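Visitor: Here you go, this is target.pdb (PDB, C-alpha atoms, pLDDT in the B column).
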ATOM      1  CA  MET A 101      17.168  38.414 -31.297  1.00 43.00           C
ATOM      2  CA  GLN A 102      16.911  40.552 -34.420  1.00 48.00           C
ATOM      3  CA  LEU A 103      14.259  43.281 -34.252  1.00 49.00           C
ATOM      4  CA  PRO A 104      12.086  43.877 -37.354  1.00 50.00           C
ATOM      5  CA  THR A 105      13.125  46.846 -39.445  1.00 52.00           C
ATOM      6  CA  ARG A 106      10.856  49.765 -40.268  1.00 50.00           C
ATOM      7  CA  GLY A 107      10.669  48.575 -43.857  1.00 48.00           C
ATOM      8  CA  SER A 108       9.596  45.059 -42.916  1.00 46.00           C
ATOM      9  CA  LEU A 109       6.915  46.444 -40.583  1.00 43.00           C
ATOM     10  CA  LEU A 110       5.518  48.639 -43.345  1.00 43.00           C
ATOM     11  CA  GLY A 111       5.526  45.691 -45.719  1.00 46.00           C
ATOM     12  CA  HIS A 112       3.681  43.537 -43.192  1.00 45.00           C
ATOM     13  CA  LEU A 113       1.110  46.310 -42.618  1.00 42.00           C
ATOM     14  CA  ALA A 114       0.538  46.673 -46.351  1.00 43.00           C
ATOM     15  CA  GLY A 115      -0.073  42.932 -46.628  1.00 43.00           C
ATOM     16  CA  VAL A 116      -2.609  43.014 -43.792  1.00 38.00           C
ATOM     17  CA  LEU A 117      -4.448  45.957 -45.392  1.00 40.00           C
ATOM     18  CA  ALA A 118      -4.545  44.144 -48.723  1.00 38.00           C
ATOM     19  CA  LEU A 119      -5.992  41.047 -47.031  1.00 35.00           C
ATOM     20  CA  ILE A 120      -8.663  43.129 -45.296  1.00 36.00           C
ATOM     21  CA  THR A 121      -9.587  44.775 -48.602  1.00 36.00           C
ATOM     22  CA  MET A 122      -9.869  41.436 -50.403  1.00 32.00           C
ATOM     23  CA  THR A 123     -12.022  40.021 -47.586  1.00 30.00           C
ATOM     24  CA  ALA A 124     -14.363  43.009 -47.690  1.00 35.00           C
ATOM     25  CA  LEU A 125     -14.817  42.614 -51.434  1.00 31.00           C
ATOM     26  CA  THR A 126     -15.982  39.024 -50.975  1.00 28.00           C
ATOM     27  CA  LEU A 127     -18.636  39.872 -48.386  1.00 30.00           C
ATOM     28  CA  PRO A 128     -22.306  40.204 -49.483  1.00 36.00           C
ATOM     29  CA  ALA A 129     -23.301  43.794 -50.288  1.00 42.00           C
ATOM     30  CA  TYR A 130     -25.760  44.019 -47.387  1.00 43.00           C
ATOM     31  CA  SER A 131     -25.555  45.644 -43.999  1.00 45.00           C
ATOM     32  CA  ALA A 132     -27.168  44.747 -40.691  1.00 52.00           C
ATOM     33  CA  THR A 133     -29.333  47.889 -40.936  1.00 68.00           C
ATOM     34  CA  PRO A 134     -33.019  47.116 -41.615  1.00 72.00           C
ATOM     35  CA  LEU A 135     -34.576  48.407 -44.816  1.00 81.00           C
ATOM     36  CA  LYS A 136     -36.963  51.330 -44.388  1.00 79.00           C
ATOM     37  CA  GLY A 137     -39.803  52.897 -46.381  1.00 80.00           C
ATOM     38  CA  ASN A 138     -42.954  51.595 -48.029  1.00 85.00           C
ATOM     39  CA  ALA A 139     -40.921  48.961 -49.919  1.00 89.00           C
ATOM     40  CA  ARG A 140     -40.115  47.353 -46.562  1.00 90.00           C
ATOM     41  CA  LEU A 141     -43.806  47.309 -45.616  1.00 91.00           C
ATOM     42  CA  ALA A 142     -44.715  45.761 -48.973  1.00 93.00           C
ATOM     43  CA  ILE A 143     -42.022  43.070 -48.578  1.00 93.00           C
ATOM     44  CA  ASP A 144     -43.179  42.273 -45.035  1.00 92.00           C
ATOM     45  CA  ARG A 145     -46.805  41.865 -46.171  1.00 93.00           C
ATOM     46  CA  PHE A 146     -45.740  39.779 -49.162  1.00 93.00           C
ATOM     47  CA  LEU A 147     -43.532  37.380 -47.196  1.00 93.00           C
ATOM     48  CA  LEU A 148     -46.046  36.979 -44.366  1.00 91.00           C
ATOM     49  CA  SER A 149     -48.823  36.159 -46.860  1.00 91.00           C
ATOM     50  CA  GLN A 150     -46.579  33.689 -48.701  1.00 89.00           C
ATOM     51  CA  THR A 151     -45.585  31.898 -45.487  1.00 89.00           C
ATOM     52  CA  ALA A 152     -49.100  31.481 -44.086  1.00 85.00           C
ATOM     53  CA  GLY A 153     -49.509  27.908 -42.877  1.00 82.00           C
ATOM     54  CA  LEU A 154     -45.904  27.265 -41.879  1.00 84.00           C
ATOM     55  CA  PRO A 155     -45.643  25.394 -38.544  1.00 83.00           C
ATOM     56  CA  GLY A 156     -44.679  28.302 -36.298  1.00 87.00           C
ATOM     57  CA  LYS A 157     -44.539  32.066 -35.865  1.00 92.00           C
ATOM     58  CA  VAL A 158     -42.932  33.751 -38.870  1.00 93.00           C
ATOM     59  CA  VAL A 159     -40.548  36.661 -38.224  1.00 93.00           C
ATOM     60  CA  VAL A 160     -39.217  38.550 -41.258  1.00 92.00           C
ATOM     61  CA  THR A 161     -35.999  40.580 -41.312  1.00 92.00           C
ATOM     62  CA  VAL A 162     -35.231  42.624 -44.430  1.00 92.00           C
ATOM     63  CA  ASP A 163     -31.677  43.945 -44.888  1.00 90.00           C
ATOM     64  CA  ARG A 164     -30.855  47.366 -46.255  1.00 86.00           C
ATOM     65  CA  PRO A 165     -28.485  47.222 -49.249  1.00 84.00           C
ATOM     66  CA  LEU A 166     -25.189  49.049 -48.755  1.00 80.00           C
ATOM     67  CA  SER A 167     -26.261  51.327 -51.599  1.00 80.00           C
ATOM     68  CA  GLY A 168     -29.041  52.628 -49.338  1.00 83.00           C
ATOM     69  CA  ASP A 169     -32.827  52.414 -49.163  1.00 84.00           C
ATOM     70  CA  LEU A 170     -34.715  51.664 -52.348  1.00 89.00           C
ATOM     71  CA  PRO A 171     -35.885  54.494 -54.621  1.00 88.00           C
ATOM     72  CA  SER A 172     -39.265  56.008 -53.864  1.00 88.00           C
ATOM     73  CA  CYS A 173     -42.236  54.156 -55.336  1.00 90.00           C
ATOM     74  CA  ASP A 174     -45.981  54.591 -54.783  1.00 89.00           C
ATOM     75  CA  ALA A 175     -46.788  50.901 -55.265  1.00 92.00           C
ATOM     76  CA  PRO A 176     -43.738  48.623 -54.960  1.00 94.00           C
ATOM     77  CA  GLU A 177     -44.398  45.032 -56.073  1.00 95.00           C
ATOM     78  CA  PRO A 178     -42.350  42.338 -54.296  1.00 95.00           C
ATOM     79  CA  PHE A 179     -41.758  39.017 -56.038  1.00 94.00           C
ATOM     80  CA  LEU A 180     -39.644  35.908 -55.626  1.00 91.00           C
ATOM     81  CA  PRO A 181     -37.012  34.832 -58.151  1.00 86.00           C
ATOM     82  CA  ASN A 182     -37.683  31.458 -59.762  1.00 83.00           C
ATOM     83  CA  GLY A 183     -36.850  28.574 -57.460  1.00 74.00           C
ATOM     84  CA  ALA A 184     -36.653  30.680 -54.277  1.00 77.00           C
ATOM     85  CA  HIS A 185     -37.793  29.010 -51.039  1.00 80.00           C
ATOM     86  CA  LEU A 186     -39.504  31.021 -48.307  1.00 84.00           C
ATOM     87  CA  TRP A 187     -37.458  29.562 -45.489  1.00 88.00           C
ATOM     88  CA  GLY A 188     -34.281  31.011 -43.991  1.00 92.00           C
ATOM     89  CA  ARG A 189     -32.175  33.371 -46.128  1.00 93.00           C
ATOM     90  CA  VAL A 190     -33.934  34.462 -49.312  1.00 92.00           C
ATOM     91  CA  SER A 191     -33.518  37.085 -52.032  1.00 92.00           C
ATOM     92  CA  VAL A 192     -36.638  39.157 -52.703  1.00 94.00           C
ATOM     93  CA  GLY A 193     -37.171  41.182 -55.839  1.00 94.00           C
ATOM     94  CA  VAL A 194     -38.969  44.536 -55.755  1.00 95.00           C
ATOM     95  CA  ARG A 195     -40.426  46.021 -58.935  1.00 95.00           C
ATOM     96  CA  CYS A 196     -41.685  49.561 -59.449  1.00 94.00           C
ATOM     97  CA  ASN A 197     -43.835  50.360 -62.494  1.00 92.00           C
ATOM     98  CA  SER A 198     -43.632  54.142 -62.329  1.00 84.00           C
ATOM     99  CA  ASN A 199     -42.622  56.648 -65.005  1.00 82.00           C
ATOM    100  CA  LEU A 200     -39.039  55.628 -64.203  1.00 88.00           C
ATOM    101  CA  PRO A 201     -39.452  51.897 -63.621  1.00 93.00           C
ATOM    102  CA  TRP A 202     -36.842  49.978 -61.652  1.00 93.00           C
ATOM    103  CA  THR A 203     -36.205  46.528 -60.202  1.00 93.00           C
ATOM    104  CA  ARG A 204     -34.048  45.826 -57.164  1.00 92.00           C
ATOM    105  CA  TYR A 205     -33.203  42.767 -55.078  1.00 93.00           C
ATOM    106  CA  VAL A 206     -32.845  42.750 -51.310  1.00 92.00           C
ATOM    107  CA  SER A 207     -31.787  40.075 -48.851  1.00 92.00           C
ATOM    108  CA  ALA A 208     -34.278  38.880 -46.234  1.00 93.00           C
ATOM    109  CA  TYR A 209     -34.348  36.221 -43.562  1.00 94.00           C
ATOM    110  CA  VAL A 210     -37.551  34.305 -42.826  1.00 94.00           C
ATOM    111  CA  ALA A 211     -37.383  32.809 -39.342  1.00 95.00           C
ATOM    112  CA  VAL A 212     -40.009  30.252 -38.352  1.00 94.00           C
ATOM    113  CA  LEU A 213     -40.203  30.130 -34.571  1.00 95.00           C
ATOM    114  CA  GLY A 214     -41.892  26.945 -33.423  1.00 94.00           C
ATOM    115  CA  THR A 215     -41.728  23.640 -31.600  1.00 96.00           C
ATOM    116  CA  TYR A 216     -39.690  20.698 -32.808  1.00 96.00           C
ATOM    117  CA  TYR A 217     -38.762  17.397 -31.207  1.00 97.00           C
ATOM    118  CA  VAL A 218     -35.454  15.890 -30.164  1.00 97.00           C
ATOM    119  CA  ALA A 219     -34.701  12.448 -28.795  1.00 97.00           C
ATOM    120  CA  ALA A 220     -35.643  12.420 -25.100  1.00 97.00           C
ATOM    121  CA  ARG A 221     -33.096   9.631 -24.562  1.00 96.00           C
ATOM    122  CA  PRO A 222     -30.774   7.580 -26.783  1.00 97.00           C
ATOM    123  CA  ILE A 223     -32.825   5.723 -29.396  1.00 96.00           C
ATOM    124  CA  ASP A 224     -31.432   2.465 -30.791  1.00 96.00           C
ATOM    125  CA  ALA A 225     -31.769   1.403 -34.411  1.00 95.00           C
ATOM    126  CA  GLY A 226     -34.890  -0.697 -34.858  1.00 92.00           C
ATOM    127  CA  GLN A 227     -36.595   0.698 -31.761  1.00 93.00           C
ATOM    128  CA  ALA A 228     -40.348   1.312 -32.020  1.00 90.00           C
ATOM    129  CA  LEU A 229     -41.198   4.891 -31.107  1.00 93.00           C
ATOM    130  CA  THR A 230     -44.000   6.599 -29.236  1.00 91.00           C
ATOM    131  CA  PRO A 231     -44.586  10.319 -28.570  1.00 93.00           C
ATOM    132  CA  ALA A 232     -42.833   9.825 -25.206  1.00 94.00           C
ATOM    133  CA  ASP A 233     -39.539   9.293 -27.072  1.00 96.00           C
ATOM    134  CA  GLY A 234     -39.595  12.926 -28.230  1.00 96.00           C
ATOM    135  CA  GLU A 235     -38.856  16.007 -26.161  1.00 97.00           C
ATOM    136  CA  ALA A 236     -40.184  19.418 -27.221  1.00 97.00           C
ATOM    137  CA  ARG A 237     -37.769  22.239 -27.961  1.00 97.00           C
ATOM    138  CA  GLU A 238     -38.390  25.788 -29.166  1.00 96.00           C
ATOM    139  CA  GLY A 239     -36.300  27.332 -31.897  1.00 95.00           C
ATOM    140  CA  ASP A 240     -35.972  28.654 -35.424  1.00 96.00           C
ATOM    141  CA  LEU A 241     -37.174  25.848 -37.672  1.00 94.00           C
ATOM    142  CA  ALA A 242     -35.543  27.581 -40.646  1.00 93.00           C
ATOM    143  CA  SER A 243     -32.127  26.775 -39.143  1.00 93.00           C
ATOM    144  CA  LEU A 244     -32.985  23.059 -38.873  1.00 94.00           C
ATOM    145  CA  PRO A 245     -33.477  20.364 -41.523  1.00 92.00           C
ATOM    146  CA  ARG A 246     -36.878  20.710 -43.190  1.00 88.00           C
ATOM    147  CA  SER A 247     -37.661  17.105 -42.195  1.00 92.00           C
ATOM    148  CA  VAL A 248     -37.462  17.706 -38.438  1.00 95.00           C
ATOM    149  CA  ILE A 249     -40.455  16.311 -36.502  1.00 94.00           C
ATOM    150  CA  VAL A 250     -42.829  19.094 -35.374  1.00 93.00           C
ATOM    151  CA  ASP A 251     -45.724  16.927 -34.148  1.00 92.00           C
ATOM    152  CA  PRO A 252     -45.149  14.103 -31.623  1.00 92.00           C
ATOM    153  CA  ALA A 253     -47.981  12.131 -33.225  1.00 88.00           C
ATOM    154  CA  GLN A 254     -45.637  11.640 -36.197  1.00 86.00           C
ATOM    155  CA  LEU A 255     -43.615   9.252 -33.994  1.00 91.00           C
ATOM    156  CA  ASN A 256     -46.476   6.800 -33.519  1.00 84.00           C
ATOM    157  CA  GLY A 257     -46.005   3.571 -35.431  1.00 77.00           C
ATOM    158  CA  MET A 258     -42.450   4.416 -36.497  1.00 89.00           C
ATOM    159  CA  LEU A 259     -39.149   2.555 -36.169  1.00 92.00           C
ATOM    160  CA  ALA A 260     -35.722   4.193 -35.891  1.00 94.00           C
ATOM    161  CA  GLU A 261     -33.627   3.417 -38.980  1.00 92.00           C
ATOM    162  CA  ASN A 262     -30.398   4.399 -37.184  1.00 93.00           C
ATOM    163  CA  ARG A 263     -29.289   5.210 -33.667  1.00 96.00           C
ATOM    164  CA  ILE A 264     -30.388   8.710 -32.595  1.00 97.00           C
ATOM    165  CA  ALA A 265     -28.380  10.400 -29.844  1.00 97.00           C
ATOM    166  CA  SER A 266     -30.139  11.961 -26.872  1.00 97.00           C
ATOM    167  CA  GLY A 267     -30.981  15.594 -27.633  1.00 96.00           C
ATOM    168  CA  ALA A 268     -30.544  15.202 -31.403  1.00 97.00           C
ATOM    169  CA  PRO A 269     -33.386  16.520 -33.617  1.00 97.00           C
ATOM    170  CA  ILE A 270     -35.576  13.669 -34.854  1.00 97.00           C
ATOM    171  CA  ARG A 271     -35.855  13.790 -38.641  1.00 95.00           C
ATOM    172  CA  ARG A 272     -38.303  11.896 -40.832  1.00 91.00           C
ATOM    173  CA  GLU A 273     -35.564  10.278 -42.908  1.00 92.00           C
ATOM    174  CA  LEU A 274     -34.275   8.612 -39.717  1.00 94.00           C
ATOM    175  CA  LEU A 275     -37.588   6.784 -39.284  1.00 92.00           C
ATOM    176  CA  ARG A 276     -39.608   4.163 -41.115  1.00 88.00           C
ATOM    177  CA  GLY A 277     -43.129   2.979 -40.571  1.00 81.00           C
ATOM    178  CA  VAL A 278     -43.964  -0.244 -38.751  1.00 77.00           C
ATOM    179  CA  PRO A 279     -45.802  -2.466 -41.241  1.00 81.00           C
ATOM    180  CA  ILE A 280     -49.307  -3.227 -39.999  1.00 82.00           C
ATOM    181  CA  VAL A 281     -50.329  -4.844 -43.286  1.00 89.00           C
ATOM    182  CA  GLN A 282     -48.433  -7.922 -44.403  1.00 89.00           C
ATOM    183  CA  GLN A 283     -48.063  -9.185 -47.957  1.00 92.00           C
ATOM    184  CA  GLY A 284     -50.741 -11.795 -48.661  1.00 92.00           C
ATOM    185  CA  GLN A 285     -52.928 -10.657 -45.765  1.00 93.00           C
ATOM    186  CA  ILE A 286     -56.700 -10.528 -46.372  1.00 94.00           C
ATOM    187  CA  ILE A 287     -57.789  -6.969 -45.612  1.00 92.00           C
ATOM    188  CA  LYS A 288     -60.895  -4.827 -45.960  1.00 92.00           C
ATOM    189  CA  VAL A 289     -60.993  -2.138 -48.628  1.00 92.00           C
ATOM    190  CA  ILE A 290     -63.428   0.758 -48.213  1.00 90.00           C
ATOM    191  CA  SER A 291     -64.391   3.001 -51.108  1.00 86.00           C
ATOM    192  CA  GLN A 292     -66.242   6.148 -50.169  1.00 79.00           C
ATOM    193  CA  GLY A 293     -67.551   9.277 -51.777  1.00 76.00           C
ATOM    194  CA  PRO A 294     -70.413  11.767 -51.423  1.00 81.00           C
ATOM    195  CA  GLY A 295     -73.309   9.825 -49.966  1.00 80.00           C
ATOM    196  CA  PHE A 296     -71.958   6.290 -50.301  1.00 83.00           C
ATOM    197  CA  VAL A 297     -69.590   3.753 -48.710  1.00 85.00           C
ATOM    198  CA  VAL A 298     -68.727   0.416 -50.352  1.00 88.00           C
ATOM    199  CA  SER A 299     -66.495  -2.257 -48.790  1.00 89.00           C
ATOM    200  CA  THR A 300     -64.865  -5.378 -50.138  1.00 91.00           C
ATOM    201  CA  GLU A 301     -61.981  -7.671 -49.236  1.00 93.00           C
ATOM    202  CA  GLY A 302     -58.765  -8.483 -51.005  1.00 92.00           C
ATOM    203  CA  LYS A 303     -55.194  -9.662 -50.629  1.00 93.00           C
ATOM    204  CA  ALA A 304     -52.421  -7.141 -49.877  1.00 93.00           C
ATOM    205  CA  MET A 305     -49.674  -7.285 -52.495  1.00 92.00           C
ATOM    206  CA  THR A 306     -46.934  -5.758 -50.278  1.00 90.00           C
ATOM    207  CA  ASN A 307     -46.171  -4.893 -46.659  1.00 86.00           C
ATOM    208  CA  ALA A 308     -47.306  -1.395 -45.715  1.00 84.00           C
ATOM    209  CA  ALA A 309     -47.242   0.978 -42.754  1.00 79.00           C
ATOM    210  CA  VAL A 310     -49.908   3.446 -41.641  1.00 75.00           C
ATOM    211  CA  GLY A 311     -50.300   6.225 -44.200  1.00 74.00           C
ATOM    212  CA  ALA A 312     -48.641   4.267 -46.997  1.00 78.00           C
ATOM    213  CA  ILE A 313     -50.327   3.443 -50.293  1.00 84.00           C
ATOM    214  CA  VAL A 314     -50.778  -0.289 -50.873  1.00 88.00           C
ATOM    215  CA  GLN A 315     -52.206  -2.317 -53.738  1.00 90.00           C
ATOM    216  CA  VAL A 316     -54.854  -4.924 -53.026  1.00 92.00           C
ATOM    217  CA  LYS A 317     -55.994  -7.703 -55.393  1.00 92.00           C
ATOM    218  CA  ILE A 318     -59.705  -8.343 -55.004  1.00 91.00           C
ATOM    219  CA  GLN A 319     -61.889 -11.164 -56.313  1.00 88.00           C
ATOM    220  CA  GLY A 320     -61.798 -11.342 -60.096  1.00 86.00           C
ATOM    221  CA  GLY A 321     -58.164 -10.209 -60.240  1.00 88.00           C
ATOM    222  CA  GLN A 322     -58.792  -6.453 -60.172  1.00 89.00           C
ATOM    223  CA  VAL A 323     -56.085  -4.455 -58.362  1.00 89.00           C
ATOM    224  CA  LEU A 324     -57.092  -1.480 -56.206  1.00 87.00           C
ATOM    225  CA  SER A 325     -54.886   1.082 -54.454  1.00 88.00           C
ATOM    226  CA  GLY A 326     -55.622   2.772 -51.156  1.00 88.00           C
ATOM    227  CA  ILE A 327     -54.163   4.313 -48.023  1.00 87.00           C
ATOM    228  CA  VAL A 328     -53.495   2.198 -44.944  1.00 86.00           C
ATOM    229  CA  ARG A 329     -55.356   3.525 -41.908  1.00 83.00           C
ATOM    230  CA  SER A 330     -54.410   2.857 -38.273  1.00 73.00           C
ATOM    231  CA  SER A 331     -57.259   0.320 -38.018  1.00 79.00           C
ATOM    232  CA  GLY A 332     -55.653  -1.758 -40.750  1.00 82.00           C
ATOM    233  CA  VAL A 333     -58.411  -0.883 -43.229  1.00 89.00           C
ATOM    234  CA  ILE A 334     -57.484   0.299 -46.734  1.00 89.00           C
ATOM    235  CA  GLU A 335     -59.327   3.473 -47.685  1.00 88.00           C
ATOM    236  CA  ARG A 336     -59.987   4.635 -51.225  1.00 84.00           C
ATOM    237  CA  SER A 337     -61.481   8.040 -52.058  1.00 58.00           C
ATOM    238  CA  ASN A 338     -63.614   8.487 -55.174  1.00 54.00           C
TER     239      ASN A 338
END
Output the file's structure in the form of structure tokens.
Guide:
Amino acid sequence: MQLPTRGSLLGHLAGVLALITMTALTLPAYSATPLKGNARLAIDRFLLSQTAGLPGKVVVTVDRPLSGDLPSCDAPEPFLPNGAHLWGRVSVGVRCNSNLPWTRYVSAYVAVLGTYYVAARPIDAGQALTPADGEAREGDLASLPRSVIVDPAQLNGMLAENRIASGAPIRRELLRGVPIVQQGQIIKVISQGPGFVVSTEGKAMTNAAVGAIVQVKIQGGQVLSGIVRSSGVIERSN
């Protein structure tokens, strides 16, 4: 067996070093060190206010750029670039309107810790679902599809479009509503507003599930639109 020469070893080492250098240059310019200073506090407050109402506990992590902490600023103003979504990895802009104004961008991660639902058992295509078909799990909703079911009541009156494996997250696009209104069916339409309720009857123009909007042709040929309620009544708001 021929042993490698000193020259070939040096050549191999140089190639490895070049590969490491090229890899480092392609990595994002952020470290795992958290950002410090009043800019960090301003970003935390901004992101927490912007994410109020998300279905879970929001935890914000703000990375420190490799260039270091942001310049000093008495009143840093965080903002979001156009089109940014406050979910998962996001870039946050920070603006300072001092005598020496500056704008910087930092990387942040918005985790949404909450409950979501997976299939408690294998679910066949076409199967009607109930809340018992879902099993609660805890996790970071930002790492899951945005359409994952977070309320078991969302399973009521739904059919599985495709087979869902046991333990798989249940997503809204995998479900469709069970029609409770049939095309041609005579149904009640309720119109309500401040201080009044008016009801009439008409013929449904399409099939519709709970929560769907359906058109109803009433006497005289007028067509009304309303939302299908679980009772089978069509509700219009004025």
Visitor: Find the residues around region 266-282 of chain A up to 7 Å (all atoms listed in the file counted), leave out those fewer than 6 positions away in its own chain, and share them as an MDAnalysis selection string.
Guide: chainID A and resid 217:222 247:249 257:260 304 306:310 332
Visitor: Enclose the full set of atoms of region 203-213 of chain A listed in the file within a box whose edges lie along x, y and z, apply 8 Å of padding to each of the six sides, and report centre and edge lengths in Å to one decimal as AutoDock Vina command-line options.
Guide:
--center_x -36.0 --center_y 38.3 --center_z -47.4 --size_x 24.4 --size_y 32.4 --size_z 41.6
Visitor: Can you list, as a count of residues only, every protein, DNA or RNA residue that comes within 10 Å of Asp251 (chain A) when you count all atoms listed in the file, leaving out same-chain residues fewer than 3 positions away?
Guide: 10
Visitor: Please return, as a PyMOL selection string, all polymer residues that have at least one atom within 7 Å of the point (-54.5, 3.9, -53.7); use only C-alpha atoms and the file's own coordinate frame.
Guide: chain A and resi 313-315+324-327+336
Visitor: Write out as JSON, numbers by chain each polymer residue whose atoms come within 12 Å of Asn199 (chain A), counting only C-alpha atoms; drop sequence neighbours fewer than 5 positions from it.
Guide: {"A": [172, 173, 174]}
Visitor: From the options A:Gly226, A:Pro165, A:Gly302, A:Pro181, which residue's atoms come nearest to Ser207 (chain A), counting all atoms listed in the file?
Guide: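 Nearest to Ser207 (chain A): A:Pro165.
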Visitor: Between CA of Arg145 (chain A) and CA of Leu244 (chain A), what is the distance in Å, rounded to a tenth?
Guide: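 Taking CA of Arg145 (chain A) and CA of Leu244 (chain A), their separation equals 24.5 Å.
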Visitor: Translate the PyMOL selection byres ((chain A and resi 194) around 10) into a concrete residue list for this structure, as a PyMOL selection string.
Guide: chain A and resi 139-140+142-143+170+176-180+191-193+195-196+202-206
Visitor: I'd like the interatomic distance between CA of Thr161 (chain A) and CA of Ala208 (chain A), to a tenth of an Å.
Guide: 5.5 Å
Visitor: Taking into account all atoms listed in the file, which residue in the set A:Ile334, A:Asp163, A:Gly188, A:Ala228 is nearest to Pro245 (chain A)?
Guide: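 Going through A:Ile334, A:Asp163, A:Gly188, A:Ala228 one by one, the smallest distance to Pro245 (chain A) is for A:Gly188.
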Visitor: Could you tell me how far CA of Pro252 (chain A) lies from CA of Gly156 (chain A), in Å and to one decimal?
Guide: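 Going from CA of Pro252 (chain A) over to CA of Gly156 (chain A) covers 15.0 Å.
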Visitor: Could you tell me which residues the PyMOL selection byres ((chain A and resi 158) around 7) returns for this structure, as an mmCIF file with C-alpha atoms, in the coordinates of the input?
Guide:
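Written file, expr.cif:
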data_model
loop_
_atom_site.group_PDB
_atom_site.id
_atom_site.type_symbol
_atom_site.label_atom_id
_atom_site.label_comp_id
_atom_site.auth_asym_id
_atom_site.auth_seq_id
_atom_site.Cartn_x
_atom_site.Cartn_y
_atom_site.Cartn_z
ATOM 1 C CA GLY A 156 -44.679 28.302 -36.298
ATOM 2 C CA LYS A 157 -44.539 32.066 -35.865
ATOM 3 C CA VAL A 159 -40.548 36.661 -38.224
ATOM 4 C CA VAL A 160 -39.217 38.550 -41.258
ATOM 5 C CA VAL A 210 -37.551 34.305 -42.826
ATOM 6 C CA ALA A 211 -37.383 32.809 -39.342
ATOM 7 C CA VAL A 212 -40.009 30.252 -38.352
ATOM 8 C CA LEU A 213 -40.203 30.130 -34.571
#
Visitor: Residues around (-59.4, -9.4, -51.8), cut-off 8 Å, counting only C-alpha atoms - what are they as number ranges by chain?
Guide: A: 286-288, 300-304, 316-319
Visitor: Looking at A:Asp224, A:Asp144, A:Asp169, A:Glu335, which one is nearest to Arg263 (chain A), with distances taken over all atoms listed in the file?
Guide: A:Asp224
Visitor: Quick check on the file I pasted: which residues fall under the PyMOL selection byres ((chain A and resi 187) around 9)? Write them as a ChimeraX atom specification.
Guide: /A:151,184-186,188-190,209-212,241-243
Visitor: Check the smallest atom-to-atom distance from each of A:Ile264, A:Leu141, A:Lys136, A:Glu235 to Val250 (chain A) using only C-alpha atoms, then report the winner.
Guide: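 Under the stated criterion, the closest residue is A:Glu235.
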Visitor: Only C-alpha atoms, as an mmCIF file, in the first residue's frame: that is what I want for region 170-206 of chain A.
Guide:
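Here's the written file out.cif:
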data_model
loop_
_atom_site.group_PDB
_atom_site.id
_atom_site.type_symbol
_atom_site.label_atom_id
_atom_site.label_comp_id
_atom_site.auth_asym_id
_atom_site.auth_seq_id
_atom_site.Cartn_x
_atom_site.Cartn_y
_atom_site.Cartn_z
ATOM 1 C CA LEU A 170 -26.510 47.883 17.750
ATOM 2 C CA PRO A 171 -25.272 51.466 18.159
ATOM 3 C CA SER A 172 -26.567 53.392 21.143
ATOM 4 C CA CYS A 173 -29.946 55.056 20.656
ATOM 5 C CA ASP A 174 -32.264 56.789 23.135
ATOM 6 C CA ALA A 175 -35.457 55.752 21.339
ATOM 7 C CA PRO A 176 -34.956 52.870 18.883
ATOM 8 C CA GLU A 177 -37.966 52.254 16.618
ATOM 9 C CA PRO A 178 -38.485 48.639 15.491
ATOM 10 C CA PHE A 179 -40.416 47.960 12.294
ATOM 11 C CA LEU A 180 -41.165 45.077 9.962
ATOM 12 C CA PRO A 181 -40.055 45.001 6.326
ATOM 13 C CA ASN A 182 -42.911 44.849 3.826
ATOM 14 C CA GLY A 183 -44.423 41.390 3.580
ATOM 15 C CA ALA A 184 -42.829 40.053 6.785
ATOM 16 C CA HIS A 185 -44.868 37.529 8.795
ATOM 17 C CA LEU A 186 -44.670 37.442 12.588
ATOM 18 C CA TRP A 187 -44.324 33.690 12.817
ATOM 19 C CA GLY A 188 -41.088 31.706 13.016
ATOM 20 C CA ARG A 189 -37.896 33.292 11.648
ATOM 21 C CA VAL A 190 -38.300 36.979 10.832
ATOM 22 C CA SER A 191 -36.093 39.969 10.029
ATOM 23 C CA VAL A 192 -36.785 43.045 12.159
ATOM 24 C CA GLY A 193 -35.664 46.525 11.235
ATOM 25 C CA VAL A 194 -34.527 49.013 13.882
ATOM 26 C CA ARG A 195 -34.438 52.734 13.116
ATOM 27 C CA CYS A 196 -32.781 55.460 15.167
ATOM 28 C CA ASN A 197 -33.668 59.107 14.497
ATOM 29 C CA SER A 198 -30.827 60.722 16.418
ATOM 30 C CA ASN A 199 -28.290 63.321 15.289
ATOM 31 C CA LEU A 200 -26.524 60.426 13.552
ATOM 32 C CA PRO A 201 -29.487 58.412 12.289
ATOM 33 C CA TRP A 202 -29.062 54.751 11.406
ATOM 34 C CA THR A 203 -31.103 51.721 10.371
ATOM 35 C CA ARG A 204 -30.142 48.124 11.081
ATOM 36 C CA TYR A 205 -31.767 44.727 10.588
ATOM 37 C CA VAL A 206 -31.586 41.863 13.056
#
